[in-house]
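A.B. asks: One structure is given below, represented as structure tokens, and several questions about it will come after.
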Amino acid sequence: MPRITVTVDGVTYEEDVEPRLLLVHLLRERLGKTGTPVGCDTSNCGACTVLLDGKSVKSCSVLAAQADGCDVVTIEGLGANGSMHPMQRAFHEEHALQCGYCTPGMVMAAIDLLRDDPDPSEETIRQGLEGNLCRCTGYCNIVRAVRRGAQEMGQAVSPS
């Protein structure tokens with residue numbers, strides 16, 4: 001069994017992993033990062049999106065062994081000192097969730113989107129979140145939340 005070293009939310013872990021173990025299962029079952037949900041297990045919904053070395057990935061489509069030596073940030077790793085990340089706060093304040101199942105993936109994908117475009121248009125946001133599905137909302141509040149998060153993050157020192 002391969003042994004990997006991965007840093008998750010600032011903590012370094014060494015784990016023996018089966019070659020076929022998915023990153024989402026390592027995060028949830030071994031490391032207790034249950035804020036990253038398993039949505040579809042086929043990379044269609046985006047609920048399991050995390051940041052891998054700063055880029056958003058669907059953790060159900062990444063093998064844990066592929067994360068060896070990488071830095072992973074989950075939804076739990078965003079806030080600092082007990083406060084929410086600006087994007088999390090924006091989703092809350094703009095009521096950009098209903099059941100909340102897709103929210104971790106939406107937040108993580110939005111943060112990655114802003115890395116490349118800190119002031120995206122509505123069209124850019126919709127295209128950037130295209131791989132993340134929500135069955136409850138009409139996406140209007142999600143788009144507003146991303147715009148608000150972008151504004152707040154523009155005033156912040158760092159996006160994560």
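A note on labels: chains of the structure tokens are A, B, ... as shown, every chain counts residues from 1, and ligands are counted from 1 in their shown order.
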Apply DSSP to the structure's backbone, then extract all residues of stretch 29-150 of chain A labelled alpha helix (DSSP H) and return them as a PyMOL selection string.

C.D. replies: chain A and resi 86-93+103-116+122-128+140-150

A.B. asks: Since we have the selection now, will you write its residues out, keeping C-alpha atoms, as a compact mmCIF listing (two decimals), in the first residue's frame?

C.D. replies:
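Resulting contents of selection-v6.txt:
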# COMPACT_ATOMS: atom_id res chain seq x y z
CA PRO A 86 -15.47 36.21 3.07
CA MET A 87 -16.98 33.87 0.45
CA GLN A 88 -18.66 31.74 3.13
CA ARG A 89 -20.03 34.90 4.74
CA ALA A 90 -21.29 36.16 1.36
CA PHE A 91 -23.13 32.87 0.72
CA HIS A 92 -24.75 33.19 4.15
CA GLU A 93 -25.67 36.85 3.81
CA THR A 103 -22.60 24.87 -0.88
CA PRO A 104 -19.09 23.61 0.07
CA GLY A 105 -18.31 22.84 -3.55
CA MET A 106 -19.82 26.11 -4.78
CA VAL A 107 -17.77 28.13 -2.29
CA MET A 108 -14.54 26.34 -3.20
CA ALA A 109 -15.15 26.69 -6.95
CA ALA A 110 -16.01 30.38 -6.49
CA ILE A 111 -12.75 31.02 -4.64
CA ASP A 112 -10.80 29.37 -7.45
CA LEU A 113 -12.74 31.39 -10.04
CA LEU A 114 -11.73 34.61 -8.29
CA ARG A 115 -8.07 33.60 -8.34
CA ASP A 116 -8.11 34.12 -12.11
CA GLU A 122 -22.39 37.53 -13.99
CA GLU A 123 -21.74 35.54 -17.17
CA THR A 124 -18.21 34.65 -16.03
CA ILE A 125 -19.53 33.49 -12.65
CA ARG A 126 -22.19 31.32 -14.27
CA GLN A 127 -19.61 29.80 -16.62
CA GLY A 128 -17.10 29.34 -13.81
CA CYS A 140 -29.47 34.01 -8.74
CA ASN A 141 -28.49 34.21 -5.07
CA ILE A 142 -25.37 32.14 -5.73
CA VAL A 143 -24.25 34.60 -8.41
CA ARG A 144 -24.96 37.52 -6.05
CA ALA A 145 -22.99 35.79 -3.30
CA VAL A 146 -19.98 35.30 -5.55
CA ARG A 147 -20.07 38.97 -6.56
CA ARG A 148 -20.32 40.00 -2.90
CA GLY A 149 -17.56 37.59 -1.92
CA ALA A 150 -15.38 38.99 -4.71

A.B. asks: Need the shell around A:Cys70: protein/DNA/RNA residues with any atom at most 10 Å away, counting only C-alpha atoms. Skip same-chain ones fewer than 3 positions apart. Format as a short mmCIF file (atom, residue, chain, number, x, y, z; two decimals) with N, CA and C atoms, in the first residue's frame?

C.D. replies:
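Just written: result-v4.cif:
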data_model
loop_
_atom_site.label_atom_id
_atom_site.label_comp_id
_atom_site.auth_asym_id
_atom_site.auth_seq_id
_atom_site.Cartn_x
_atom_site.Cartn_y
_atom_site.Cartn_z
N ILE A 4 1.33 8.09 1.62
CA ILE A 4 1.34 9.46 1.11
C ILE A 4 1.47 10.46 2.25
N THR A 5 1.96 11.61 1.90
CA THR A 5 2.00 12.75 2.81
C THR A 5 1.19 13.85 2.15
N VAL A 6 0.20 14.33 2.86
CA VAL A 6 -0.67 15.37 2.32
C VAL A 6 -0.97 16.37 3.43
N THR A 7 -0.99 17.63 3.06
CA THR A 7 -1.34 18.68 4.02
C THR A 7 -2.78 19.08 3.75
N VAL A 8 -3.61 18.95 4.77
CA VAL A 8 -5.03 19.27 4.65
C VAL A 8 -5.37 20.34 5.68
N THR A 12 -0.37 18.42 8.36
CA THR A 12 0.25 17.40 7.52
C THR A 12 -0.08 16.01 8.06
N LEU A 52 -6.86 21.95 -4.45
CA LEU A 52 -5.67 21.11 -4.46
C LEU A 52 -4.54 21.95 -5.03
N ASP A 53 -3.58 22.29 -4.17
CA ASP A 53 -2.52 23.22 -4.55
C ASP A 53 -3.10 24.49 -5.15
N GLY A 54 -4.19 24.97 -4.56
CA GLY A 54 -4.79 26.24 -4.94
C GLY A 54 -5.79 26.20 -6.07
N ALA A 65 -3.73 9.01 -3.76
CA ALA A 65 -2.30 8.91 -4.08
C ALA A 65 -1.84 10.07 -4.96
N GLN A 66 -2.73 10.63 -5.76
CA GLN A 66 -2.38 11.77 -6.61
C GLN A 66 -2.16 13.04 -5.80
N ALA A 67 -2.67 13.06 -4.58
CA ALA A 67 -2.52 14.23 -3.71
C ALA A 67 -1.24 14.16 -2.88
N VAL A 73 -7.14 22.23 0.62
CA VAL A 73 -7.96 23.07 1.48
C VAL A 73 -9.41 22.65 1.27
#

A.B. asks: Need the shell around stretch 98-101 of chain A: protein/DNA/RNA residues with any atom at most 10 Å away, counting only C-alpha atoms. Skip same-chain ones fewer than 2 positions apart. Format as a list in words?

C.D. replies: Gly35, Thr36, Pro37, Val38, Gly39, Ala47, Cys48, His95, Ala96, Thr103, Pro104, Gly105, Met106, Leu133, Cys134, Arg135, Cys136 and Thr137 of chain A

A.B. asks: Report, in Å with one decimal, the straight-line distance from atom CA of A:Val50 to atom CA of A:Leu63.

C.D. replies: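 According to the coordinates, atom CA of A:Val50 and atom CA of A:Leu63 are separated by 13.1 Å.
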
A.B. asks: Using only C-alpha atoms, find the one residue out of A:Thr74, A:Ser59, A:Asn81, A:Gln151 that sits nearest to A:Gly46.

C.D. replies: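 Among the listed residues, A:Ser59 lies closest to A:Gly46.
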
A.B. asks: With distances taken over only C-alpha atoms, which residue among A:Pro2, A:Leu51, A:Arg30, A:Gly138 lies nearest A:Leu97?

C.D. replies: A:Gly138

A.B. asks: I want to know what sits within 9 Å of A:Glu18, based on only C-alpha atoms, with residues of the same chain fewer than 3 positions away left out; could you give that as a VMD selection string?

C.D. replies: chain A and resid 1 to 3 21 to 22 64 to 65

A.B. asks: From a backbone DSSP assignment, name each residue in chain A labelled strand (DSSP E), as a PyMOL selection string.

C.D. replies: chain A and resi 3-8+11-16+49-52+55-58+71-73

A.B. asks: Which is closer to A:Gly77 than all the others in A:Glu94, A:Asp9, A:Glu14, A:Asp41, using only C-alpha atoms?

C.D. replies: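 Of A:Glu94, A:Asp9, A:Glu14, A:Asp41, the one nearest A:Gly77 is A:Asp9, counting only C-alpha atoms.
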